[in-house]
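Only one structure is covered here, and it is reproduced in the block below.
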Amino acid sequence: MKKFIYTASEIELIHHLKNYTPKKIWNGFVSFIFEYENYHILLEIVEEIAVSKNEYDEALTTTLSKKDEKYIPNKHSELICENKKIDNIYIARTVLYFSEMKQVSRLEKMKNKVYFWLKTILTFKKDPLDEMIADTIGFIEENICHPKSKQLETLDLNYTNLIDVGLLVEIENKYLLNFIQNNGYGFHIWDNKNFYDNSELKDFKELYEFIKIEN
């Protein structure tokens, strides 16, 4: 198992977030920014080479760093909250693994091509996604599972990746999801919803281990 987990210095920064209230929290799509008076702590996505039976499979991981300069928002910055004490903070950890390349059968490929050309004729335009699917000769599935899941017993651990994918931040009994979901690029805010109730975390808890940071 290849490990992409936080270092001791990164965990110290997480303690800092819990013990010292940030002035503002921002979402920069590929980063979360915890703004203080004259510095900020940056949680950002980093692309790494995953272990896999395939070539060039990629794992999206996260790093934490302190920047000794005042944060200047840009056009991609979205303000999440101001002067809100972080009550609890958790490391979000999961296991990423990949299937081997699965070949598309000749019949399936023929069906995809027929669908693509029929749709093109009927709509008078080409759909790039349909064209890509029509030309696909195979595909790889990305999967994640909880690090303590029994599912791990069925996997070859030599081809699994243990990843700290970000943070779960609790503020006033609500939860801010500062972590990568399903190895997808970016920190997504769905339906302009930043905070979740505990009851809404059930599905996430099946796939991620949330490790509470104590004082």
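Convention: chains lettered A, B, ... in structure tokens order; per-chain residue numbering from 1; ligands numbered from 1 as shown.
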Can you pull out the residues contacting Ile163 in chain A? Cut-off 8 Å, using only C-alpha atoms, and skip same-chain residues under 2 positions away; I want them as an NGL selection string.
:A and (3-5 or 61 or 93-96 or 161 or 165)
Expected file: the selected residues, C-alpha atoms, as a PDB file, in the first residue's frame:
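part-v9.pdb, freshly written:
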ATOM      1  CA  LYS A   3       0.688   6.098   1.575  1.00  0.00           C
ATOM      2  CA  PHE A   4      -0.106   9.744   0.957  1.00  0.00           C
ATOM      3  CA  ILE A   5      -0.804  10.846   4.526  1.00  0.00           C
ATOM      4  CA  THR A  61      -3.968  14.039  -2.705  1.00  0.00           C
ATOM      5  CA  ARG A  93      -8.773   9.394   4.853  1.00  0.00           C
ATOM      6  CA  THR A  94      -9.670   6.811   2.217  1.00  0.00           C
ATOM      7  CA  VAL A  95      -8.204   4.005   0.109  1.00  0.00           C
ATOM      8  CA  LEU A  96      -8.034   4.446  -3.660  1.00  0.00           C
ATOM      9  CA  ASN A 161      -3.300   3.899  -2.092  1.00  0.00           C
ATOM     10  CA  VAL A 165      -7.853  13.664   0.975  1.00  0.00           C
TER      11      VAL A 165
END
Excluding same-chain residues fewer than 6 positions from range 195-211 of chain A, what lies within 8 Å of it counting only C-alpha atoms, as a short mmCIF file (atom, residue, chain, number, x, y, z; two decimals) with C-alpha atoms, in the first residue's frame?
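Saved the output as out-v6.cif:
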data_model
loop_
_atom_site.label_atom_id
_atom_site.label_comp_id
_atom_site.auth_asym_id
_atom_site.auth_seq_id
_atom_site.Cartn_x
_atom_site.Cartn_y
_atom_site.Cartn_z
CA TYR A 90 -11.10 15.64 11.29
CA ILE A 91 -8.67 14.22 8.75
CA ALA A 92 -10.57 12.60 5.87
CA ARG A 93 -8.77 9.39 4.85
CA THR A 94 -9.67 6.81 2.22
CA ILE A 144 -12.49 4.15 -3.04
CA CYS A 145 -13.27 2.38 0.22
CA HIS A 146 -13.03 2.99 3.96
CA PRO A 147 -9.51 2.20 5.30
CA LYS A 148 -11.04 -0.23 7.81
CA LEU A 168 -13.90 17.66 7.68
CA ASN A 173 -22.82 21.66 14.70
CA LYS A 174 -22.56 21.87 10.92
CA TYR A 175 -19.88 20.27 8.73
CA LEU A 176 -17.79 21.78 5.97
CA LEU A 177 -16.49 19.21 3.49
#
Mind giving me the straight-line distance from CA of Phe179 in chain A to CA of Glu44 in chain A in Å, one decimal?
9.6 Å
With only C-alpha atoms as the counted atoms, please give the residues lying no more than 10 Å from Glu172 in chain A, apart from itself and same-chain residues fewer than 2 positions off, as a PyMOL selection string.
chain A and resi 84-88+170+174-175
Could you take the residues named above and write them with C-alpha atoms, as a PDB file, in the first residue's frame?
ATOM      1  CA  LYS A  84     -16.326  31.249  12.986  1.00  0.00           C
ATOM      2  CA  LYS A  85     -14.578  29.129  15.590  1.00  0.00           C
ATOM      3  CA  ILE A  86     -13.709  25.614  14.445  1.00  0.00           C
ATOM      4  CA  ASP A  87     -15.217  23.340  17.090  1.00  0.00           C
ATOM      5  CA  ASN A  88     -13.778  20.092  15.773  1.00  0.00           C
ATOM      6  CA  GLU A 170     -17.189  21.210  12.283  1.00  0.00           C
ATOM      7  CA  LYS A 174     -22.559  21.875  10.924  1.00  0.00           C
ATOM      8  CA  TYR A 175     -19.883  20.273   8.728  1.00  0.00           C
TER       9      TYR A 175
END
For the alpha helix (DSSP H) assignment from backbone DSSP, which residues of chain A qualify? Please present them as an NGL selection string.
:A and (8-19 or 106-123 or 128-134 or 202-207)
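Distances here use only C-alpha atoms; by that measure, the residue among A:Phe98, A:Ser9, A:Asn194, A:Gly184 closest to Leu155 in chain A is A:Phe98.
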Ile213 in chain A proximity check over A:Leu157, A:Val30, A:Ile171, A:Ile89, using only C-alpha atoms: winner is A:Ile89
Report, in Å with one decimal, the straight-line distance from CA of Ser65 in chain A to CA of Cys81 in chain A.
20.3 Å
Which of range 21-76 of chain A DSSP labels strand (DSSP E), written as number ranges by chain
A: 24-27, 31-35, 40-49, 58-67
Store the residues picked out above, limited to N, CA and C atoms, as a CSV table (one decimal), in the first residue's frame.
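Output saved as result-v1.csv:
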chain,number,residue,atom,x,y,z
A,24,LYS,N,-11.3,34.3,8.1
A,24,LYS,CA,-12.2,33.9,7.0
A,24,LYS,C,-11.8,32.5,6.4
A,25,ILE,N,-12.7,31.8,5.9
A,25,ILE,CA,-12.4,30.6,5.2
A,25,ILE,C,-12.9,30.7,3.8
A,26,TRP,N,-12.0,30.4,2.8
A,26,TRP,CA,-12.3,30.6,1.4
A,26,TRP,C,-12.2,29.3,0.7
A,27,ASN,N,-13.0,29.1,-0.4
A,27,ASN,CA,-12.9,28.0,-1.3
A,27,ASN,C,-12.4,28.5,-2.6
A,31,SER,N,-8.4,24.5,-3.9
A,31,SER,CA,-7.8,24.8,-2.6
A,31,SER,C,-8.8,25.3,-1.6
A,32,PHE,N,-8.5,25.2,-0.3
A,32,PHE,CA,-9.2,25.9,0.8
A,32,PHE,C,-8.2,26.8,1.5
A,33,ILE,N,-8.7,28.0,1.8
A,33,ILE,CA,-7.8,29.0,2.4
A,33,ILE,C,-8.3,29.4,3.7
A,34,PHE,N,-7.5,29.3,4.8
A,34,PHE,CA,-7.9,29.7,6.1
A,34,PHE,C,-7.1,31.0,6.4
A,35,GLU,N,-7.8,32.1,6.3
A,35,GLU,CA,-7.2,33.4,6.4
A,35,GLU,C,-7.0,33.9,7.8
A,40,HIS,N,-1.8,32.9,6.0
A,40,HIS,CA,-2.9,32.0,5.8
A,40,HIS,C,-2.4,30.6,5.7
A,41,ILE,N,-3.3,29.7,5.9
A,41,ILE,CA,-3.0,28.2,5.8
A,41,ILE,C,-3.7,27.7,4.6
A,42,LEU,N,-3.0,27.0,3.8
A,42,LEU,CA,-3.5,26.6,2.5
A,42,LEU,C,-3.6,25.1,2.4
A,43,LEU,N,-4.8,24.6,2.1
A,43,LEU,CA,-5.1,23.2,1.9
A,43,LEU,C,-5.3,23.1,0.4
A,44,GLU,N,-4.4,22.4,-0.3
A,44,GLU,CA,-4.5,22.3,-1.8
A,44,GLU,C,-4.4,20.9,-2.3
A,45,ILE,N,-4.9,20.8,-3.5
A,45,ILE,CA,-4.9,19.5,-4.2
A,45,ILE,C,-3.5,19.3,-4.9
A,46,VAL,N,-3.0,18.1,-4.8
A,46,VAL,CA,-1.7,17.7,-5.5
A,46,VAL,C,-1.9,16.4,-6.2
A,47,GLU,N,-1.5,16.4,-7.5
A,47,GLU,CA,-1.6,15.2,-8.3
A,47,GLU,C,-0.3,14.3,-8.1
A,48,GLU,N,-0.5,13.0,-7.8
A,48,GLU,CA,0.5,12.1,-7.6
A,48,GLU,C,0.3,10.8,-8.4
A,49,ILE,N,1.4,10.1,-8.7
A,49,ILE,CA,1.3,8.8,-9.4
A,49,ILE,C,0.9,7.8,-8.4
A,58,GLU,N,-3.6,8.1,-11.7
A,58,GLU,CA,-3.3,9.3,-10.9
A,58,GLU,C,-4.1,9.3,-9.6
A,59,ALA,N,-3.4,9.7,-8.5
A,59,ALA,CA,-4.1,9.8,-7.2
A,59,ALA,C,-4.1,11.3,-6.9
A,60,LEU,N,-5.3,11.8,-6.6
A,60,LEU,CA,-5.4,13.2,-6.1
A,60,LEU,C,-5.3,13.3,-4.6
A,61,THR,N,-4.3,14.0,-4.1
A,61,THR,CA,-4.0,14.0,-2.7
A,61,THR,C,-4.0,15.5,-2.3
A,62,THR,N,-3.8,15.8,-1.0
A,62,THR,CA,-3.8,17.1,-0.5
A,62,THR,C,-2.6,17.4,0.4
A,63,THR,N,-2.2,18.7,0.4
A,63,THR,CA,-1.1,19.1,1.3
A,63,THR,C,-1.6,20.3,2.1
A,64,LEU,N,-1.0,20.5,3.2
A,64,LEU,CA,-1.2,21.7,4.0
A,64,LEU,C,0.1,22.5,4.2
A,65,SER,N,0.0,23.8,4.0
A,65,SER,CA,1.2,24.7,4.2
A,65,SER,C,0.8,26.0,4.8
A,66,LYS,N,1.7,26.7,5.4
A,66,LYS,CA,1.5,28.0,6.0
A,66,LYS,C,2.2,29.0,5.0
A,67,LYS,N,1.5,30.0,4.6
A,67,LYS,CA,2.0,31.1,3.8
A,67,LYS,C,2.1,32.4,4.6
Which is closest to Tyr97 in chain A among A:Asn74, A:Met1, A:Asp164, A:His16, if we use only C-alpha atoms?
A:Met1
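Interatomic distance, CA of Leu152 in chain A against CA of Ile14 in chain A: 28.1 Å.
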